[in-house]
$ cat entry.txt   # compact mmCIF, C-alpha atoms and all ligand atoms
# COMPACT_ATOMS: atom_id res chain seq x y z
CA MET A 191 -37.67 2.18 6.56
CA SER A 192 -33.95 2.59 6.88
CA VAL A 193 -31.67 -0.38 6.57
CA THR A 194 -28.58 -0.36 8.76
CA PRO A 195 -25.65 -1.08 6.49
CA LYS A 196 -23.55 -4.06 7.45
CA ARG A 197 -20.36 -3.15 9.29
CA LYS A 198 -17.55 -3.31 6.75
CA ILE A 199 -14.07 -4.77 7.15
CA ILE A 200 -11.56 -3.06 4.87
CA LEU A 201 -7.87 -3.83 4.51
CA ALA A 202 -5.37 -1.29 3.14
CA LEU A 203 -1.89 -2.38 2.14
CA ASP A 204 1.08 -0.14 1.34
CA ILE A 205 4.53 -1.48 0.51
CA ASP A 206 7.29 0.09 2.61
CA TYR A 207 9.73 2.55 0.92
CA PHE A 208 8.79 0.82 -2.29
CA TYR A 209 11.30 1.78 -5.00
CA ALA A 210 14.19 1.84 -2.53
CA GLN A 211 13.20 -1.53 -1.09
CA CYS A 212 13.11 -2.97 -4.63
CA GLU A 213 16.69 -1.74 -5.08
CA GLU A 214 17.73 -3.40 -1.81
CA ILE A 215 16.35 -6.71 -3.06
CA ARG A 216 18.62 -6.82 -6.06
CA HIS A 217 21.58 -5.28 -4.22
CA PRO A 218 21.34 -6.87 -0.74
CA ASP A 219 24.59 -5.18 0.31
CA LEU A 220 22.69 -1.86 0.30
CA LYS A 221 20.39 -2.84 3.17
CA GLU A 222 22.33 -1.08 5.91
CA LYS A 223 23.28 1.92 3.75
CA PRO A 224 21.37 5.06 2.80
CA VAL A 225 19.63 4.38 -0.54
CA VAL A 226 18.17 7.29 -2.53
CA VAL A 227 16.17 6.61 -5.71
CA CYS A 228 16.25 9.67 -7.96
CA VAL A 229 14.44 11.16 -10.93
CA TYR A 230 17.31 12.75 -12.82
CA SER A 231 16.16 15.59 -15.05
CA GLY A 232 19.33 15.34 -17.14
CA ARG A 233 20.12 19.03 -17.13
CA THR A 234 23.20 18.63 -14.94
CA GLU A 235 24.57 15.51 -13.31
CA THR A 236 22.76 16.15 -10.05
CA SER A 237 19.65 18.02 -11.16
CA GLY A 238 16.36 16.36 -10.39
CA ALA A 239 14.39 15.19 -7.37
CA VAL A 240 14.38 12.37 -4.86
CA SER A 241 11.64 9.85 -5.66
CA THR A 242 12.02 7.91 -2.43
CA SER A 243 14.67 6.63 -0.04
CA ASN A 244 15.12 3.85 2.47
CA TYR A 245 14.69 4.45 6.20
CA VAL A 246 18.46 4.71 6.74
CA ALA A 247 18.47 7.79 4.47
CA ARG A 248 15.20 9.10 5.96
CA LYS A 249 16.78 9.11 9.43
CA LEU A 250 19.37 11.47 8.01
CA GLY A 251 16.66 13.82 6.70
CA VAL A 252 16.15 12.68 3.10
CA ARG A 253 12.55 13.06 1.84
CA SER A 254 10.57 12.34 -1.35
CA GLY A 255 10.40 15.33 -3.67
CA MET A 256 13.57 16.93 -2.29
CA PRO A 257 16.15 18.22 -4.80
CA ILE A 258 18.91 15.67 -5.31
CA TYR A 259 21.64 18.13 -4.35
CA VAL A 260 20.00 18.65 -0.95
CA ALA A 261 20.03 14.90 -0.34
CA ILE A 262 23.67 14.76 -1.41
CA ARG A 263 24.45 17.48 1.09
CA LEU A 264 22.57 15.68 3.87
CA LEU A 265 24.47 12.45 3.19
CA HIS A 266 27.74 14.21 2.58
CA ASP A 267 29.72 12.41 5.25
CA ASP A 268 28.35 9.03 4.35
CA ARG A 269 30.55 7.40 1.76
CA ASP A 270 28.26 4.38 1.66
CA ALA A 271 25.27 6.41 0.47
CA LYS A 272 23.92 5.14 -2.82
CA PHE A 273 22.08 7.31 -5.38
CA LEU A 274 20.25 5.29 -8.03
CA PRO A 275 18.12 6.24 -11.05
CA LEU A 276 14.50 5.05 -11.29
CA ASP A 277 13.88 1.69 -12.93
CA ILE A 278 10.09 1.69 -13.27
CA GLU A 279 10.01 -1.44 -15.44
CA TYR A 280 11.63 -3.44 -12.65
CA TYR A 281 9.38 -1.97 -9.93
CA ASP A 282 6.30 -2.57 -12.10
CA GLY A 283 7.12 -6.26 -12.41
CA ILE A 284 7.40 -6.63 -8.64
CA SER A 285 4.25 -4.59 -8.07
CA GLU A 286 2.27 -6.74 -10.46
CA ARG A 287 3.24 -9.95 -8.66
CA VAL A 288 2.45 -8.49 -5.23
CA MET A 289 -0.94 -7.30 -6.49
CA GLU A 290 -1.64 -10.79 -7.79
CA THR A 291 -0.86 -12.25 -4.38
CA ILE A 292 -3.22 -9.80 -2.65
CA GLY A 293 -5.92 -10.11 -5.31
CA ARG A 294 -6.16 -13.85 -4.71
CA ARG A 295 -7.62 -13.13 -1.26
CA SER A 296 -10.85 -11.50 -2.37
CA ASN A 297 -12.48 -10.47 -5.61
CA ARG A 298 -13.30 -7.20 -3.90
CA PHE A 299 -9.83 -5.89 -4.68
CA GLU A 300 -8.76 -2.43 -5.80
CA GLN A 301 -5.25 -1.41 -6.72
CA VAL A 302 -4.77 2.29 -5.98
CA SER A 303 -1.19 2.90 -7.02
CA ILE A 304 1.98 0.99 -7.80
CA ASP A 305 2.40 0.01 -4.15
CA GLU A 306 -1.07 0.32 -2.62
CA ALA A 307 -4.27 -1.69 -2.64
CA PHE A 308 -7.56 -2.19 -0.79
CA LEU A 309 -9.41 -5.42 -0.08
CA ASP A 310 -13.00 -5.57 1.09
CA LEU A 311 -13.08 -8.52 3.51
CA THR A 312 -16.65 -7.95 4.69
CA GLU A 313 -18.04 -11.02 2.95
CA SER A 314 -15.00 -13.27 3.23
CA THR A 315 -14.16 -12.87 6.93
CA PRO A 316 -16.54 -13.10 9.90
CA ASP A 317 -14.87 -10.49 12.14
CA PHE A 318 -11.89 -8.20 12.69
CA ARG A 319 -9.93 -10.93 14.43
CA SER A 320 -9.98 -13.20 11.42
CA ALA A 321 -9.23 -10.21 9.20
CA GLU A 322 -6.11 -9.73 11.30
CA THR A 323 -5.12 -13.31 10.57
CA VAL A 324 -5.62 -12.70 6.84
CA ALA A 325 -3.44 -9.57 7.09
CA THR A 326 -0.67 -11.49 8.87
CA GLU A 327 -0.78 -14.19 6.20
CA ILE A 328 -0.60 -11.64 3.36
CA LYS A 329 2.42 -9.96 4.98
CA GLN A 330 4.11 -13.34 5.32
CA GLU A 331 3.38 -14.35 1.72
CA ILE A 332 4.76 -11.11 0.29
CA LEU A 333 7.84 -11.51 2.44
CA GLU A 334 8.39 -15.09 1.31
CA GLU A 335 7.61 -14.53 -2.36
CA GLU A 336 9.23 -11.15 -2.94
CA ARG A 337 11.31 -10.53 0.21
CA LEU A 338 9.39 -7.26 0.65
CA THR A 339 7.94 -5.79 3.82
CA CYS A 340 4.68 -3.90 3.74
CA THR A 341 2.29 -2.25 6.17
CA ILE A 342 -1.37 -3.13 6.56
CA GLY A 343 -4.26 -1.31 8.19
CA VAL A 344 -7.62 -3.00 8.85
CA ALA A 345 -10.60 -0.81 9.74
CA PRO A 346 -14.33 -0.24 9.09
CA ASN A 347 -13.72 1.82 5.92
CA LYS A 348 -11.08 2.84 3.36
CA LEU A 349 -10.22 6.15 5.01
CA LEU A 350 -9.59 4.58 8.41
CA ALA A 351 -7.79 1.54 6.98
CA LYS A 352 -5.39 3.77 5.06
CA MET A 353 -4.83 6.00 8.10
CA SER A 354 -4.18 2.94 10.27
CA ALA A 355 -1.55 1.76 7.79
CA ASP A 356 0.02 5.21 7.61
CA VAL A 357 0.64 5.40 11.36
CA SER A 358 2.10 1.88 11.45
CA LYS A 359 4.83 2.12 8.77
CA PRO A 360 7.21 0.41 8.26
CA ASN A 361 6.53 -3.33 8.49
CA GLY A 362 3.43 -2.72 10.59
CA LEU A 363 -0.05 -4.09 11.09
CA LYS A 364 -2.83 -2.22 12.83
CA VAL A 365 -6.40 -3.30 13.33
CA LEU A 366 -8.66 -0.40 14.23
CA LEU A 367 -11.87 -1.64 15.81
CA PRO A 368 -15.07 0.40 15.42
CA SER A 369 -14.96 1.08 19.17
CA GLU A 370 -11.48 2.59 18.85
CA VAL A 371 -12.20 4.99 16.00
CA LYS A 372 -13.13 8.03 18.08
CA ALA A 373 -10.03 7.92 20.28
CA PHE A 374 -7.83 7.23 17.26
CA LEU A 375 -9.01 10.36 15.46
CA GLU A 376 -9.42 12.70 18.43
CA ASN A 377 -5.86 13.95 18.90
CA SER A 378 -4.41 13.36 15.43
CA LEU A 379 -3.58 16.39 13.32
CA VAL A 380 -5.98 17.23 10.46
CA ASP A 381 -3.33 16.65 7.80
CA LYS A 382 -3.40 12.95 8.70
CA LEU A 383 -6.84 12.72 7.10
CA ILE A 384 -6.50 11.27 3.60
CA GLY A 385 -7.40 13.95 1.08
CA ILE A 386 -6.45 16.95 3.22
CA GLY A 387 -3.39 18.60 1.73
CA PRO A 388 -1.19 21.42 3.03
CA LYS A 389 -3.49 24.13 1.58
CA THR A 390 -6.61 22.89 3.35
CA SER A 391 -4.80 22.29 6.63
CA LYS A 392 -3.46 25.84 6.51
CA LYS A 393 -6.99 27.17 5.97
CA LEU A 394 -8.25 25.02 8.85
CA SER A 395 -5.45 26.24 11.06
CA GLU A 396 -6.57 29.82 10.36
CA GLN A 397 -9.91 28.81 11.90
CA GLY A 398 -8.09 27.50 14.97
CA ILE A 399 -8.56 23.89 13.90
CA GLU A 400 -5.46 21.74 14.39
CA THR A 401 -6.73 18.32 15.44
CA ILE A 402 -9.26 16.00 13.84
CA GLY A 403 -11.24 16.11 17.09
CA GLN A 404 -11.59 19.88 16.80
CA LEU A 405 -12.68 19.57 13.17
CA SER A 406 -15.28 16.92 14.02
CA ASN A 407 -16.98 19.29 16.49
CA PHE A 408 -16.64 22.45 14.47
CA ASP A 409 -19.79 24.37 13.57
CA GLU A 410 -21.02 22.95 10.26
CA GLU A 411 -22.42 26.24 9.03
CA LYS A 412 -19.10 28.00 9.58
CA LEU A 413 -17.30 25.23 7.73
CA THR A 414 -19.72 25.52 4.82
CA ASN A 415 -19.24 29.29 4.69
CA LYS A 416 -15.50 28.89 4.62
CA PHE A 417 -15.14 25.83 2.34
CA GLY A 418 -18.34 25.70 0.31
CA LYS A 419 -21.39 23.48 0.50
CA ASN A 420 -19.63 20.37 -0.80
CA LEU A 421 -16.20 20.56 0.80
CA GLY A 422 -17.40 21.87 4.18
CA PRO A 423 -19.73 19.00 5.12
CA TRP A 424 -17.31 16.51 3.54
CA LEU A 425 -14.52 17.71 5.84
CA ARG A 426 -16.71 17.18 8.86
CA ARG A 427 -17.72 13.69 7.79
CA LEU A 428 -14.06 12.85 7.22
CA ALA A 429 -13.17 14.11 10.70
CA ASN A 430 -15.84 11.83 12.13
CA GLY A 431 -14.26 8.87 10.37
CA ILE A 432 -17.18 8.52 7.96
CA ASP A 433 -16.30 7.23 4.51
CA GLU A 434 -18.62 5.12 2.44
CA THR A 435 -16.62 4.89 -0.79
CA PRO A 436 -16.68 1.28 -1.96
CA VAL A 437 -13.69 -0.86 -2.87
CA GLU A 438 -13.95 -0.79 -6.65
CA GLY A 439 -13.23 -4.21 -8.04
CA ARG A 440 -11.43 -3.00 -11.12
CA SER A 441 -10.59 -5.78 -13.52
CA VAL A 442 -7.49 -5.75 -15.65
CA GLN A 443 -8.20 -4.52 -19.18
CA GLN A 444 -4.89 -5.28 -20.83
CA VAL A 445 -1.46 -6.74 -20.30
CA SER A 446 1.53 -4.84 -21.59
CA ARG A 447 5.28 -5.01 -21.37
CA ILE A 448 7.83 -2.47 -22.47
CA ILE A 449 11.64 -2.46 -22.53
CA THR A 450 14.48 -0.16 -23.49
CA LEU A 451 16.62 -1.51 -26.32
CA LYS A 452 20.34 -1.87 -25.70
CA HIS A 453 20.97 0.15 -28.88
CA ASP A 454 18.55 2.42 -30.71
CA ALA A 455 17.19 0.51 -33.72
CA SER A 456 16.33 1.81 -37.18
CA ARG A 457 15.02 -1.51 -38.44
CA PHE A 458 13.46 -4.64 -36.97
CA ASP A 459 16.51 -6.30 -35.45
CA PHE A 460 15.36 -6.92 -31.88
CA GLN A 461 13.82 -10.37 -32.22
CA ASP A 462 15.41 -11.63 -28.97
CA GLN A 463 14.04 -8.81 -26.87
CA LEU A 464 10.65 -9.15 -28.52
CA GLU A 465 10.65 -12.80 -27.61
CA SER A 466 11.20 -12.10 -23.92
CA LEU A 467 8.39 -9.52 -23.97
CA ALA A 468 6.05 -12.03 -25.61
CA ARG A 469 7.02 -14.69 -23.08
CA SER A 470 6.36 -12.38 -20.17
CA ILE A 471 2.95 -11.42 -21.54
CA HIS A 472 2.12 -15.05 -22.21
CA ASP A 473 3.02 -15.98 -18.59
CA ARG A 474 0.85 -13.22 -17.23
CA LEU A 475 -2.13 -14.15 -19.45
CA GLN A 476 -1.82 -17.76 -18.34
CA ARG A 477 -1.76 -16.84 -14.66
CA MET A 478 -4.85 -14.71 -15.19
CA ASN A 479 -6.39 -17.52 -17.20
CA VAL A 480 -7.46 -15.17 -20.00
CA VAL A 481 -6.87 -14.71 -23.71
CA GLY A 482 -6.69 -11.50 -25.73
CA SER A 483 -8.21 -10.62 -29.06
CA ASN A 484 -6.14 -7.57 -29.86
CA ILE A 485 -2.35 -7.32 -30.16
CA GLY A 486 -0.61 -3.98 -30.33
CA VAL A 487 2.95 -2.76 -30.40
CA VAL A 488 4.28 0.48 -29.07
CA VAL A 489 7.38 2.26 -30.26
CA ILE A 490 9.07 5.06 -28.38
CA THR A 491 11.48 6.94 -30.57
CA LYS A 492 14.81 8.50 -29.68
CA GLU A 493 12.95 11.83 -29.48
CA LEU A 494 10.52 10.18 -27.00
CA LYS A 495 7.55 10.20 -29.38
CA THR A 496 5.14 7.32 -28.83
CA LYS A 497 3.62 5.46 -31.80
CA ASN A 498 1.18 2.57 -31.68
CA ARG A 499 0.20 -0.08 -34.20
CA ALA A 500 -2.40 -2.76 -33.48
CA ARG A 501 -4.33 -5.62 -35.00
CA THR A 502 -7.52 -7.43 -34.03
CA LEU A 503 -7.23 -11.20 -34.25
CA THR A 504 -9.77 -13.52 -35.79
CA ALA A 505 -9.55 -15.73 -32.69
CA PRO A 506 -8.30 -14.79 -29.20
CA THR A 507 -4.96 -16.16 -28.06
CA ASP A 508 -2.42 -16.42 -25.25
CA SER A 509 0.21 -18.28 -27.27
CA ILE A 510 3.79 -16.97 -27.34
CA ASP A 511 4.18 -17.88 -31.00
CA HIS A 512 1.04 -16.09 -31.99
CA ILE A 513 1.89 -12.96 -30.00
CA LEU A 514 5.40 -13.00 -31.39
CA GLN A 515 4.29 -13.50 -34.97
CA VAL A 516 1.72 -10.70 -34.95
CA SER A 517 3.97 -8.25 -33.12
CA SER A 518 6.89 -9.00 -35.47
CA GLU A 519 4.63 -8.27 -38.44
CA LEU A 520 3.48 -5.05 -36.84
CA PHE A 521 7.08 -3.94 -36.23
CA GLU A 522 8.12 -4.88 -39.78
CA GLY A 523 5.17 -2.94 -41.13
CA PHE A 524 6.06 0.00 -38.93
CA PHE A 525 9.59 0.30 -40.30
CA GLU A 526 8.26 0.04 -43.87
CA GLU A 527 6.01 3.06 -43.44
CA LYS A 528 7.39 6.01 -45.34
CA GLU A 529 7.43 8.35 -42.35
CA ASN A 530 9.37 5.82 -40.28
CA VAL A 531 12.15 4.90 -42.68
CA LYS A 532 14.61 7.06 -40.79
CA VAL A 533 13.15 6.72 -37.31
CA GLU A 534 15.36 5.59 -34.44
CA VAL A 535 13.60 3.44 -31.90
CA ARG A 536 14.60 3.52 -28.26
CA ARG A 537 11.95 1.48 -26.44
CA ILE A 538 9.55 -1.17 -27.65
CA GLY A 539 6.49 -2.75 -26.11
CA ILE A 540 3.72 -5.25 -26.74
CA ARG A 541 0.17 -4.92 -25.49
CA VAL A 542 -2.54 -7.56 -25.51
CA SER A 543 -6.04 -6.26 -24.92
CA GLY A 544 -9.64 -7.32 -25.42
CA LEU A 545 -9.15 -9.82 -22.62
CA GLY A 546 -11.69 -12.48 -21.93
CA GLU A 547 -12.18 -15.90 -20.45
CA TRP A 548 -11.21 -18.74 -22.65
CA ASP A 549 -14.46 -20.63 -22.96
CA GLU A 550 -13.72 -22.56 -26.12
CA LYS A 551 -10.05 -23.22 -25.84
CA PRO A 552 -8.97 -24.44 -29.28
CA SER A 553 -6.65 -27.41 -29.06
CA THR A 554 -3.12 -27.06 -30.38
CA GLU A 555 -3.93 -29.48 -33.19
CA LYS A 556 -6.89 -27.44 -34.28
CA ASN A 557 -4.68 -24.37 -34.28
CA ALA A 558 -2.02 -26.04 -36.36
CA SER A 559 -4.42 -27.36 -38.96
CA LEU A 560 -6.05 -23.96 -39.26
CA THR A 561 -2.67 -22.33 -39.84
CA ASP A 562 -1.79 -25.03 -42.36
CA PHE A 563 -5.02 -24.46 -44.13
CA LEU A 564 -4.47 -20.73 -44.38
CA SER A 565 -0.89 -20.87 -45.60
P1 LIG B 601 6.52 4.53 2.63
O1 LIG B 601 5.22 4.02 2.07
O2 LIG B 601 6.37 5.79 3.41
O3 LIG B 601 7.29 3.49 3.39
O4 LIG B 601 7.46 4.96 1.42
P2 LIG B 601 7.23 4.86 -0.15
O5 LIG B 601 8.53 5.21 -0.80
O6 LIG B 601 6.66 3.54 -0.53
O7 LIG B 601 6.23 6.05 -0.38
P3 LIG B 601 4.79 6.08 -1.05
O8 LIG B 601 4.00 4.87 -0.69
O9 LIG B 601 4.24 7.41 -0.72
O10 LIG B 601 5.11 6.07 -2.61
C1 LIG B 601 5.33 4.90 -3.38
C2 LIG B 601 6.40 5.16 -4.43
O11 LIG B 601 6.05 6.31 -5.22
C3 LIG B 601 7.77 5.52 -3.85
O12 LIG B 601 8.55 4.38 -3.58
C4 LIG B 601 8.36 6.40 -4.91
C5 LIG B 601 7.21 7.12 -5.50
N1 LIG B 601 7.09 8.49 -4.91
C6 LIG B 601 6.52 8.83 -3.74
N2 LIG B 601 6.60 10.14 -3.51
C7 LIG B 601 7.22 10.68 -4.59
C8 LIG B 601 7.61 12.00 -4.97
O13 LIG B 601 7.40 12.99 -4.26
N3 LIG B 601 8.23 12.15 -6.19
C9 LIG B 601 8.47 11.08 -7.01
N4 LIG B 601 9.08 11.27 -8.19
N5 LIG B 601 8.14 9.82 -6.69
C10 LIG B 601 7.53 9.62 -5.49
CA CA B 602 4.65 2.82 0.22
CA CA B 603 1.94 4.40 -1.46
$ encode --input "entry.txt" --output "C-alpha cells"
Amino acid sequence: MSVTPKRKIILALDIDYFYAQCEEIRHPDLKEKPVVVCVYSGRTETSGAVSTSNYVARKLGVRSGMPIYVAIRLLHDDRDAKFLPLDIEYYDGISERVMETIGRRSNRFEQVSIDEAFLDLTESTPDFRSAETVATEIKQEILEEERLTCTIGVAPNKLLAKMSADVSKPNGLKVLLPSEVKAFLENSLVDKLIGIGPKTSKKLSEQGIETIGQLSNFDEEKLTNKFGKNLGPWLRRLANGIDETPVEGRSVQQVSRIITLKHDASRFDFQDQLESLARSIHDRLQRMNVVGSNIGVVVITKELKTKNRARTLTAPTDSIDHILQVSSELFEGFFEEKENVKVEVRRIGIRVSGLGEWDEKPSTEKNASLTDFLS
C-alpha cells in the first residue's frame, strides 16, 4: 500500500545584497550610491575580487566575483562609488540575529548559508495562504529589528521555494501554489534550476535543451547515456519540480566569537576585548537558554596560523565571569608555552561548546560557596 505524502509547505528566505546592505545600515548615506564590497588579495591596492554590491552598482554592471579593477572601471565616472573591504565579523553578528528571528517561527529550521534559510511550515500552518501571512510577518520583523530587506519564496518543496525567491529579488515575496508549478517551470531556462551550473547547462544546450520544460520531457534514456545513471534521472526529476530533500533541523553545536586586536599582542594584555567577547557569548547562550561544558580559546597569529586551547568544566555554565576566568587562564597558559614566547597574536576568540539545556540551574549562592570552598 502506498501512502500519499502530505503536501509540504516550505519557505526559503534570502537576504538581499547581504554584505552591501549591511554596509548601508551602518553608513546610511551610502544608500543611493554604488556600494562594492571587496575581497582584497593584498598584492596591489586594487587586486582582488568583488564579493557583492548593492543594486545601484549592479545596474552599472558590477557583479560578484568580478575583478575589482573591472568594477572600478565600470564605476569610473561615479565619484560617489564606495569600495569597502569585507567585515565578516560584523555581517556574522547580523546574520545570527536574523536567523534567530526566523528560527523562532518553527523548529523545522535550516540555515543554509550566512544569508539563507529554510523553514518547513507544513505542521505549523494550515495552507499556503497562512504561510504567506507568516512570510509577510517575517519580512516585517527583519525590517524592524535589523532594517534589512529580504526575499522569501513559499512553495511545495525546497527547490521550488528557493527558485521562487530567486525570481523575486530584491525585497520580494512569491507564493508558488502546487497548481502553478508546471507553468512556472515550463519556460524558465535550465540554469535557473538550483544545482545546475554553467557546465551542465552547456552540456544540456548541446542536446538542444534550453528550457526546463524541454528538459522535463526529454528522453530519460538519452539523458542517462549522456549524464550517467544518477545525474540523468536526477536532472529530469529536478525539471519536473520534484525535490523531496527534507528541511534539516540542525541545532547549534557551539557559540563562538572572534575579534581582531587593535595591536598585535605578544602577551596577555587584551582583558577589555576578552570581556566584550565573553559578554557577547553570554548574551547568546542566554537567548538560546543553554549552558556549555567546554570553553576554548582560539589564537590567530600574525602569520595567520590558528592555535586552539580548551578546557572541559566540572559543571556547565553561561556566566560571564566563569567564561572570562577560564579563557583568561587559557590565554595566560598559552603565552607561557615555550613555543609561544615570541608569538605575535593578531586575532583572538572564545568558543563555548558542549551545549545543553540547563536542567539543574545552580543558584548564584551555590556557585559562590562552591568557589569559596575550592579556593
Ligand atoms: P542577492 O541575494 O542577489 O540580493 O545578493 P547577495 O549579495 O546577498 O548574494 P548571495 O545571496 O548570492 O550571497 C550572499 C553573500 O555571499 C554576498 O552578500 C556576498 C557573498 N558572495 C556571493 N557571491 C560571492 C562571490 O562570488 N565571491 C565572494 N567572495 N563572495 C560572494
Ligand atoms: Ca542574498
Ligand atoms: Ca544567498
$ atom_distance --input "entry.txt" --atom1 "CA of Asp277 in chain A" --atom2 "CA of Glu300 in chain A"
24.1 Å
$ closest_atom_pairs --input "entry.txt" --of "chain A" --to "ligand LIG 601 (chain B)" --cutoff "6 Å" --atoms "all atoms listed in the file" --output "tab-separated table"
residue	atom	partner	partner_atom	distance
A:Asp204	CA	B:LIG601	O1	5.9
A:Ile205	CA	B:LIG601	O6	5.6
A:Asp206	CA	B:LIG601	O3	3.5
A:Tyr207	CA	B:LIG601	O4	3.3
A:Phe208	CA	B:LIG601	O12	3.8
A:Tyr209	CA	B:LIG601	O12	4.0
A:Ser241	CA	B:LIG601	N5	3.6
A:Thr242	CA	B:LIG601	C4	4.7
A:Ser254	CA	B:LIG601	O13	4.4
A:Gly255	CA	B:LIG601	O13	3.9
A:Asp305	CA	B:LIG601	C1	5.8
A:Pro360	CA	B:LIG601	O3	5.8
$ residues_near_ligand --input "entry.txt" --ligand "ligand CA 602 (chain B)" --cutoff "12 Å" --atoms "all atoms listed in the file" --output "ChimeraX atom specification"
/A:202-212,241-245,254,285,302-307,338-342,352,355-356,358-362
$ write_last_selection --input "entry.txt" --atoms "C-alpha atoms" --output "PDB file, in the coordinates of the input"
ATOM      1  CA  ALA A 202      -5.370  -1.290   3.140  1.00  0.00           C
ATOM      2  CA  LEU A 203      -1.890  -2.380   2.140  1.00  0.00           C
ATOM      3  CA  ASP A 204       1.080  -0.140   1.340  1.00  0.00           C
ATOM      4  CA  ILE A 205       4.530  -1.480   0.510  1.00  0.00           C
ATOM      5  CA  ASP A 206       7.290   0.090   2.610  1.00  0.00           C
ATOM      6  CA  TYR A 207       9.730   2.550   0.920  1.00  0.00           C
ATOM      7  CA  PHE A 208       8.790   0.820  -2.290  1.00  0.00           C
ATOM      8  CA  TYR A 209      11.300   1.780  -5.000  1.00  0.00           C
ATOM      9  CA  ALA A 210      14.190   1.840  -2.530  1.00  0.00           C
ATOM     10  CA  GLN A 211      13.200  -1.530  -1.090  1.00  0.00           C
ATOM     11  CA  CYS A 212      13.110  -2.970  -4.630  1.00  0.00           C
ATOM     12  CA  SER A 241      11.640   9.850  -5.660  1.00  0.00           C
ATOM     13  CA  THR A 242      12.020   7.910  -2.430  1.00  0.00           C
ATOM     14  CA  SER A 243      14.670   6.630  -0.040  1.00  0.00           C
ATOM     15  CA  ASN A 244      15.120   3.850   2.470  1.00  0.00           C
ATOM     16  CA  TYR A 245      14.690   4.450   6.200  1.00  0.00           C
ATOM     17  CA  SER A 254      10.570  12.340  -1.350  1.00  0.00           C
ATOM     18  CA  SER A 285       4.250  -4.590  -8.070  1.00  0.00           C
ATOM     19  CA  VAL A 302      -4.770   2.290  -5.980  1.00  0.00           C
ATOM     20  CA  SER A 303      -1.190   2.900  -7.020  1.00  0.00           C
ATOM     21  CA  ILE A 304       1.980   0.990  -7.800  1.00  0.00           C
ATOM     22  CA  ASP A 305       2.400   0.010  -4.150  1.00  0.00           C
ATOM     23  CA  GLU A 306      -1.070   0.320  -2.620  1.00  0.00           C
ATOM     24  CA  ALA A 307      -4.270  -1.690  -2.640  1.00  0.00           C
ATOM     25  CA  LEU A 338       9.390  -7.260   0.650  1.00  0.00           C
ATOM     26  CA  THR A 339       7.940  -5.790   3.820  1.00  0.00           C
ATOM     27  CA  CYS A 340       4.680  -3.900   3.740  1.00  0.00           C
ATOM     28  CA  THR A 341       2.290  -2.250   6.170  1.00  0.00           C
ATOM     29  CA  ILE A 342      -1.370  -3.130   6.560  1.00  0.00           C
ATOM     30  CA  LYS A 352      -5.390   3.770   5.060  1.00  0.00           C
ATOM     31  CA  ALA A 355      -1.550   1.760   7.790  1.00  0.00           C
ATOM     32  CA  ASP A 356       0.020   5.210   7.610  1.00  0.00           C
ATOM     33  CA  SER A 358       2.100   1.880  11.450  1.00  0.00           C
ATOM     34  CA  LYS A 359       4.830   2.120   8.770  1.00  0.00           C
ATOM     35  CA  PRO A 360       7.210   0.410   8.260  1.00  0.00           C
ATOM     36  CA  ASN A 361       6.530  -3.330   8.490  1.00  0.00           C
ATOM     37  CA  GLY A 362       3.430  -2.720  10.590  1.00  0.00           C
TER      38      GLY A 362
END
$ residues_around --input "entry.txt" --residues "range 498-511 of chain A" --least-positions-apart "4" --cutoff "8 Å" --atoms "only C-alpha atoms" --output "PyMOL selection string"
chain A and resi 468-469+472+475-476+480-489+515-516+520+524
$ atom_distance --input "entry.txt" --atom1 "CA of Ile384 in chain A" --atom2 "CA of Leu309 in chain A"
17.3 Å
$ residues_near_point --input "entry.txt" --point "(10.0, 7.0, -27.3)" --cutoff "12 Å" --atoms "all atoms listed in the file" --output "MDAnalysis selection string"
chainID A and resid 448:451 454:455 488:498 533:539
$ atom_distance --input "entry.txt" --atom1 "CA of Leu545 in chain A" --atom2 "CA of Gln444 in chain A"
6.5 Å
$ closest_residue --input "entry.txt" --among "A:Gln330, A:Thr315, A:Gln301, A:Ser518" --to "ligand CA 603 (chain B)" --atoms "only C-alpha atoms and all ligand atoms"
A:Gln301
$ decode --input "entry.txt" --residues "range 395-407 of chain A" --atoms "C-alpha atoms" --output "short mmCIF file (atom, residue, chain, number, x, y, z; two decimals), in the first residue's frame"
data_model
loop_
_atom_site.label_atom_id
_atom_site.label_comp_id
_atom_site.auth_asym_id
_atom_site.auth_seq_id
_atom_site.Cartn_x
_atom_site.Cartn_y
_atom_site.Cartn_z
CA SER A 395 22.40 23.07 -24.56
CA GLU A 396 24.48 20.75 -26.76
CA GLN A 397 21.50 18.37 -26.62
CA GLY A 398 19.21 21.20 -27.73
CA ILE A 399 17.81 21.64 -24.22
CA GLU A 400 17.45 25.28 -23.19
CA THR A 401 14.29 25.46 -21.09
CA ILE A 402 13.21 23.48 -18.04
CA GLY A 403 10.11 22.40 -19.98
CA GLN A 404 12.29 20.82 -22.67
CA LEU A 405 14.37 19.05 -20.03
CA SER A 406 11.28 17.70 -18.27
CA ASN A 407 10.11 15.99 -21.48
#
